[in-house]
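A.B. asks: Take a look at model_37.pdb, PDB, C-alpha atoms, pLDDT in the B column:
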ATOM      1  CA  MET A   1     -21.809  19.572  17.815  1.00 88.00           C
ATOM      2  CA  VAL A   2     -19.088  17.128  16.737  1.00 96.00           C
ATOM      3  CA  TYR A   3     -19.954  15.120  13.617  1.00 97.00           C
ATOM      4  CA  ASP A   4     -19.486  11.352  13.992  1.00 97.00           C
ATOM      5  CA  PHE A   5     -19.650   9.431  10.695  1.00 96.00           C
ATOM      6  CA  LYS A   6     -20.325   6.163  12.505  1.00 95.00           C
ATOM      7  CA  LYS A   7     -23.392   7.560  14.275  1.00 95.00           C
ATOM      8  CA  GLU A   8     -24.684   9.831  11.521  1.00 96.00           C
ATOM      9  CA  GLN A   9     -24.249   7.324   8.686  1.00 95.00           C
ATOM     10  CA  LYS A  10     -25.066   4.045  10.402  1.00 92.00           C
ATOM     11  CA  GLN A  11     -26.123   2.467   7.120  1.00 92.00           C
ATOM     12  CA  PHE A  12     -22.421   2.336   6.127  1.00 92.00           C
ATOM     13  CA  TYR A  13     -20.906   1.335   9.462  1.00 89.00           C
ATOM     14  CA  LYS A  14     -23.362  -0.918  11.286  1.00 89.00           C
ATOM     15  CA  PRO A  15     -24.183  -4.195   9.558  1.00 85.00           C
ATOM     16  CA  GLY A  16     -27.734  -5.461   9.494  1.00 86.00           C
ATOM     17  CA  LYS A  17     -28.805  -8.897  10.627  1.00 91.00           C
ATOM     18  CA  LYS A  18     -28.879 -10.198   7.056  1.00 92.00           C
ATOM     19  CA  PRO A  19     -26.364  -9.539   4.269  1.00 91.00           C
ATOM     20  CA  LYS A  20     -27.491  -7.082   1.602  1.00 89.00           C
ATOM     21  CA  LEU A  21     -26.005  -4.906  -1.088  1.00 92.00           C
ATOM     22  CA  ILE A  22     -25.819  -1.183  -0.415  1.00 91.00           C
ATOM     23  CA  ASP A  23     -24.735   1.696  -2.601  1.00 93.00           C
ATOM     24  CA  ILE A  24     -21.771   3.583  -1.174  1.00 93.00           C
ATOM     25  CA  PRO A  25     -21.408   7.199  -2.317  1.00 95.00           C
ATOM     26  CA  LYS A  26     -18.079   8.794  -3.115  1.00 96.00           C
ATOM     27  CA  MET A  27     -16.160   9.455   0.134  1.00 97.00           C
ATOM     28  CA  THR A  28     -12.912  11.203   0.987  1.00 97.00           C
ATOM     29  CA  TYR A  29     -10.099   9.169   2.560  1.00 97.00           C
ATOM     30  CA  ILE A  30      -6.453   9.593   3.417  1.00 96.00           C
ATOM     31  CA  ALA A  31      -4.519   6.408   2.701  1.00 95.00           C
ATOM     32  CA  VAL A  32      -1.126   4.716   2.823  1.00 94.00           C
ATOM     33  CA  ARG A  33       0.024   1.661   0.869  1.00 93.00           C
ATOM     34  CA  GLY A  34       2.584  -0.781   2.176  1.00 94.00           C
ATOM     35  CA  LYS A  35       3.686  -4.367   2.466  1.00 95.00           C
ATOM     36  CA  GLY A  36       5.191  -6.830   4.892  1.00 96.00           C
ATOM     37  CA  ASP A  37       4.380  -8.588   8.131  1.00 96.00           C
ATOM     38  CA  PRO A  38       2.296  -6.185  10.242  1.00 96.00           C
ATOM     39  CA  ASN A  39       3.424  -7.904  13.448  1.00 95.00           C
ATOM     40  CA  GLN A  40       7.084  -6.946  13.121  1.00 95.00           C
ATOM     41  CA  PRO A  41       8.248  -4.264  15.590  1.00 91.00           C
ATOM     42  CA  ASP A  42       9.293  -1.757  12.892  1.00 91.00           C
ATOM     43  CA  SER A  43       6.777  -2.797  10.220  1.00 94.00           C
ATOM     44  CA  GLU A  44       5.552  -0.602   7.381  1.00 92.00           C
ATOM     45  CA  TYR A  45       2.053  -1.170   8.735  1.00 95.00           C
ATOM     46  CA  LYS A  46       2.837   0.343  12.136  1.00 94.00           C
ATOM     47  CA  LYS A  47       4.506   3.310  10.449  1.00 90.00           C
ATOM     48  CA  ALA A  48       1.496   3.728   8.152  1.00 91.00           C
ATOM     49  CA  ILE A  49      -0.889   3.893  11.110  1.00 94.00           C
ATOM     50  CA  GLN A  50       1.249   6.582  12.749  1.00 91.00           C
ATOM     51  CA  LEU A  51       1.222   8.574   9.507  1.00 91.00           C
ATOM     52  CA  LEU A  52      -2.523   8.303   9.065  1.00 94.00           C
ATOM     53  CA  TYR A  53      -3.462   9.276  12.595  1.00 95.00           C
ATOM     54  CA  GLY A  54      -0.828  12.023  12.679  1.00 93.00           C
ATOM     55  CA  VAL A  55      -2.343  13.724   9.645  1.00 95.00           C
ATOM     56  CA  ALA A  56      -5.960  12.986  10.606  1.00 97.00           C
ATOM     57  CA  TYR A  57      -5.504  14.635  14.003  1.00 97.00           C
ATOM     58  CA  THR A  58      -3.581  17.544  12.470  1.00 96.00           C
ATOM     59  CA  ILE A  59      -6.658  18.231  10.338  1.00 97.00           C
ATOM     60  CA  LYS A  60      -9.074  17.725  13.224  1.00 97.00           C
ATOM     61  CA  MET A  61      -7.148  19.969  15.603  1.00 97.00           C
ATOM     62  CA  SER A  62      -6.583  22.722  13.035  1.00 97.00           C
ATOM     63  CA  LYS A  63      -9.530  24.421  14.739  1.00 96.00           C
ATOM     64  CA  LYS A  64      -7.172  25.350  17.584  1.00 95.00           C
ATOM     65  CA  GLY A  65      -4.497  26.880  15.366  1.00 93.00           C
ATOM     66  CA  THR A  66      -4.182  29.836  13.054  1.00 94.00           C
ATOM     67  CA  HIS A  67      -4.672  27.857   9.840  1.00 94.00           C
ATOM     68  CA  LYS A  68      -8.350  28.003   8.934  1.00 95.00           C
ATOM     69  CA  ILE A  69      -9.765  25.336   6.621  1.00 97.00           C
ATOM     70  CA  LYS A  70     -12.621  26.373   4.348  1.00 97.00           C
ATOM     71  CA  ASP A  71     -15.927  24.713   5.331  1.00 97.00           C
ATOM     72  CA  TYR A  72     -14.318  23.061   8.391  1.00 97.00           C
ATOM     73  CA  PHE A  73     -16.583  21.400  10.937  1.00 97.00           C
ATOM     74  CA  ASP A  74     -15.538  19.466  14.012  1.00 98.00           C
ATOM     75  CA  PHE A  75     -15.620  15.695  13.599  1.00 98.00           C
ATOM     76  CA  VAL A  76     -14.712  12.465  15.332  1.00 98.00           C
ATOM     77  CA  VAL A  77     -11.720  10.884  13.606  1.00 98.00           C
ATOM     78  CA  PRO A  78     -13.248   7.719  12.134  1.00 95.00           C
ATOM     79  CA  LEU A  79     -12.018   4.188  12.660  1.00 94.00           C
ATOM     80  CA  LEU A  80      -9.126   2.806  10.657  1.00 96.00           C
ATOM     81  CA  GLU A  81     -10.130   0.810   7.579  1.00 96.00           C
ATOM     82  CA  GLY A  82      -7.939  -1.454   5.515  1.00 96.00           C
ATOM     83  CA  LEU A  83      -7.566  -3.754   2.548  1.00 95.00           C
ATOM     84  CA  TRP A  84      -5.188  -6.723   2.713  1.00 95.00           C
ATOM     85  CA  TRP A  85      -4.025  -9.185   0.043  1.00 95.00           C
ATOM     86  CA  GLN A  86      -1.126 -11.296  -1.187  1.00 96.00           C
ATOM     87  CA  ASP A  87      -0.259 -11.111  -4.872  1.00 91.00           C
ATOM     88  CA  GLY A  88      -0.409 -14.463  -6.586  1.00 86.00           C
ATOM     89  CA  ASN A  89      -2.502 -16.097  -3.861  1.00 83.00           C
ATOM     90  CA  VAL A  90      -6.128 -17.014  -3.830  1.00 84.00           C
ATOM     91  CA  GLY A  91      -6.987 -16.418  -0.195  1.00 85.00           C
ATOM     92  CA  ILE A  92      -4.388 -15.685   2.463  1.00 89.00           C
ATOM     93  CA  ASP A  93      -1.266 -17.668   3.335  1.00 91.00           C
ATOM     94  CA  TYR A  94      -0.761 -16.807   7.019  1.00 93.00           C
ATOM     95  CA  ALA A  95       2.527 -18.730   7.063  1.00 94.00           C
ATOM     96  CA  HIS A  96       4.004 -15.965   4.863  1.00 93.00           C
ATOM     97  CA  LYS A  97       2.863 -12.689   6.381  1.00 95.00           C
ATOM     98  CA  GLU A  98       5.916 -10.998   4.858  1.00 95.00           C
ATOM     99  CA  LYS A  99       4.027 -11.202   1.534  1.00 95.00           C
ATOM    100  CA  PHE A 100       1.070  -9.163   2.816  1.00 96.00           C
ATOM    101  CA  GLU A 101       0.235  -5.964   0.972  1.00 95.00           C
ATOM    102  CA  PHE A 102      -2.150  -3.363   2.340  1.00 96.00           C
ATOM    103  CA  ILE A 103      -3.883  -0.071   1.938  1.00 96.00           C
ATOM    104  CA  SER A 104      -4.769   1.504   5.286  1.00 96.00           C
ATOM    105  CA  MET A 105      -7.127   4.461   5.296  1.00 96.00           C
ATOM    106  CA  ILE A 106      -9.152   6.849   7.407  1.00 97.00           C
ATOM    107  CA  ARG A 107     -12.256   8.590   6.148  1.00 98.00           C
ATOM    108  CA  MET A 108     -12.170  12.370   6.156  1.00 98.00           C
ATOM    109  CA  PRO A 109     -14.866  15.004   5.741  1.00 98.00           C
ATOM    110  CA  ASP A 110     -15.346  16.339   2.213  1.00 97.00           C
ATOM    111  CA  PHE A 111     -13.683  19.636   3.140  1.00 98.00           C
ATOM    112  CA  VAL A 112     -10.357  17.741   3.095  1.00 98.00           C
ATOM    113  CA  THR A 113      -9.160  18.703  -0.369  1.00 97.00           C
ATOM    114  CA  GLN A 114      -5.705  18.091  -1.824  1.00 95.00           C
ATOM    115  CA  ASP A 115      -4.655  21.544  -0.560  1.00 96.00           C
ATOM    116  CA  VAL A 116      -5.828  20.699   2.971  1.00 97.00           C
ATOM    117  CA  LEU A 117      -4.014  17.360   2.813  1.00 95.00           C
ATOM    118  CA  ASP A 118      -0.816  19.013   1.557  1.00 94.00           C
ATOM    119  CA  TRP A 119      -0.979  21.523   4.423  1.00 96.00           C
ATOM    120  CA  ALA A 120      -1.631  18.783   7.012  1.00 95.00           C
ATOM    121  CA  ILE A 121       1.227  16.617   5.725  1.00 92.00           C
ATOM    122  CA  LYS A 122       3.632  19.570   5.918  1.00 90.00           C
ATOM    123  CA  GLU A 123       2.348  20.557   9.370  1.00 92.00           C
ATOM    124  CA  ALA A 124       2.522  17.014  10.770  1.00 89.00           C
ATOM    125  CA  SER A 125       6.001  16.493   9.284  1.00 86.00           C
ATOM    126  CA  GLU A 126       7.296  19.618  11.008  1.00 84.00           C
ATOM    127  CA  LYS A 127       5.602  19.013  14.373  1.00 82.00           C
ATOM    128  CA  LYS A 128       6.262  15.298  14.603  1.00 75.00           C
ATOM    129  CA  ASN A 129       9.615  15.334  12.825  1.00 69.00           C
ATOM    130  CA  GLY A 130       8.604  12.549  10.450  1.00 64.00           C
ATOM    131  CA  ASP A 131       8.069  11.718   6.807  1.00 63.00           C
ATOM    132  CA  PHE A 132       4.358  12.033   6.107  1.00 62.00           C
ATOM    133  CA  LEU A 133       4.731  12.306   2.327  1.00 59.00           C
ATOM    134  CA  ARG A 134       3.603   8.677   1.734  1.00 59.00           C
ATOM    135  CA  LEU A 135       0.002   9.706   2.362  1.00 58.00           C
ATOM    136  CA  ASN A 136      -2.348  10.243  -0.544  1.00 52.00           C
TER     137      ASN A 136
END
Let me see whether you can do it: turn the structure in this file into structure tokens.
C.D. replies:
Amino acid sequence: MVYDFKKEQKQFYKPGKKPKLIDIPKMTYIAVRGKGDPNQPDSEYKKAIQLLYGVAYTIKMSKKGTHKIKDYFDFVVPLLEGLWWQDGNVGIDYAHKEKFEFISMIRMPDFVTQDVLDWAIKEASEKKNGDFLRLN
């Protein structure tokens, strides 16, 4: 059975009817930092998304290759999450999207260690002929 974080851990992904504080445990993510207007055709944001999904799916689909990941289980690649801000601003100045900074991230199962990430970055870089080293 494929593990789906959104279905199995609803308390973290489906908001209740009333706001409340919840404790979030430590979770594993892959992430990329960047800046600039996300709407530009060749934006850092668009490149970041390609990097994240490229590595996430390399890890997910490792089950079909020869590289075996310790404690691997099949999973649904979770939704993209992100943090956005503009240094020096309280709030957001939408007239100056070029000043946006972001961290985009995708949650990964706990079996994704630094070694697994290093392997996936190398594998994705070779297969997709890109620079995946910005991930952390």
A.B. asks: When distances are computed from all atoms listed in the file, which of A:Glu123, A:Glu44, A:Asp118, A:Asp37 shows the smallest separation from Asp93 (chain A)?
C.D. replies: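 Residue with the minimum atom-to-atom distance to Asp93 (chain A): A:Asp37.
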A.B. asks: Taking into account only C-alpha atoms, which residue in the set A:Thr28, A:Phe102, A:Val116, A:Ser43 is nearest to His67 (chain A)?
C.D. replies: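 Closest to His67 (chain A) of all the choices is A:Val116.
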A.B. asks: Skip Phe111 (chain A) itself and residues of its chain fewer than 3 positions away, then list as a PyMOL selection string all residues within 9 Å of it, counting only C-alpha atoms.
C.D. replies: chain A and resi 28+69-73+108+116
A.B. asks: Would you kindly translate the PyMOL selection byres ((chain A and resi 78) around 9) into the concrete residues it picks from this file, as an MDAnalysis selection string?
C.D. replies: chainID A and resid 4:6 75:77 79:81 106:108
A.B. asks: When you look at Ile22 (chain A) with a cut-off of 12 Å (counting all atoms listed in the file), what residues show up, excluding the ones that are within fewer than 5 positions of it in the same chain? I need them as a PyMOL selection string.
C.D. replies: chain A and resi 11-16
A.B. asks: Would you compute the distance between CA of Glu98 (chain A) and CA of Tyr57 (chain A)? Give it in Å to one decimal.
C.D. replies: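 It comes out at 29.5 Å.
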A.B. asks: Apply the PyMOL selection byres ((chain A and resi 48) around 8) to the displayed file and report the matching residues as a ChimeraX atom specification.
C.D. replies: /A:32-34,44-47,49-52,104
A.B. asks: Would you mind reading off the distance between CA of Gly91 (chain A) and CA of Ile30 (chain A), one decimal, in Å?
C.D. replies: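 One can read the CA of Gly91 (chain A) to CA of Ile30 (chain A) distance as 26.3 Å.
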A.B. asks: Env of Lys128 (chain A): 12 Å cut, atoms = all atoms listed in the file, seq-sep filter 3 positions within chain, self excluded. Answer as an MDAnalysis selection string.
C.D. replies: chainID A and resid 50:51 53:55 57:58 120:125 131:132
A.B. asks: If we count all atoms listed in the file, what is near Gly88 (chain A) at a cut-off of 12 Å, once residues fewer than 5 positions away on the same chain are taken out, given as a list of chain:residue names?
C.D. replies: A:Asp93, A:Lys99, A:Phe100, A:Glu101
A.B. asks: Assuming 5 Å of padding per side, give the centre and edge lengths of the axis-aligned box around every listed atom of region 89-104 of chain A, in Å to one decimal and as lines of an AutoDock Vina configuration file.
C.D. replies:
center_x = -0.5
center_y = -8.6
center_z = 1.6
size_x = 22.9
size_y = 30.2
size_z = 20.9
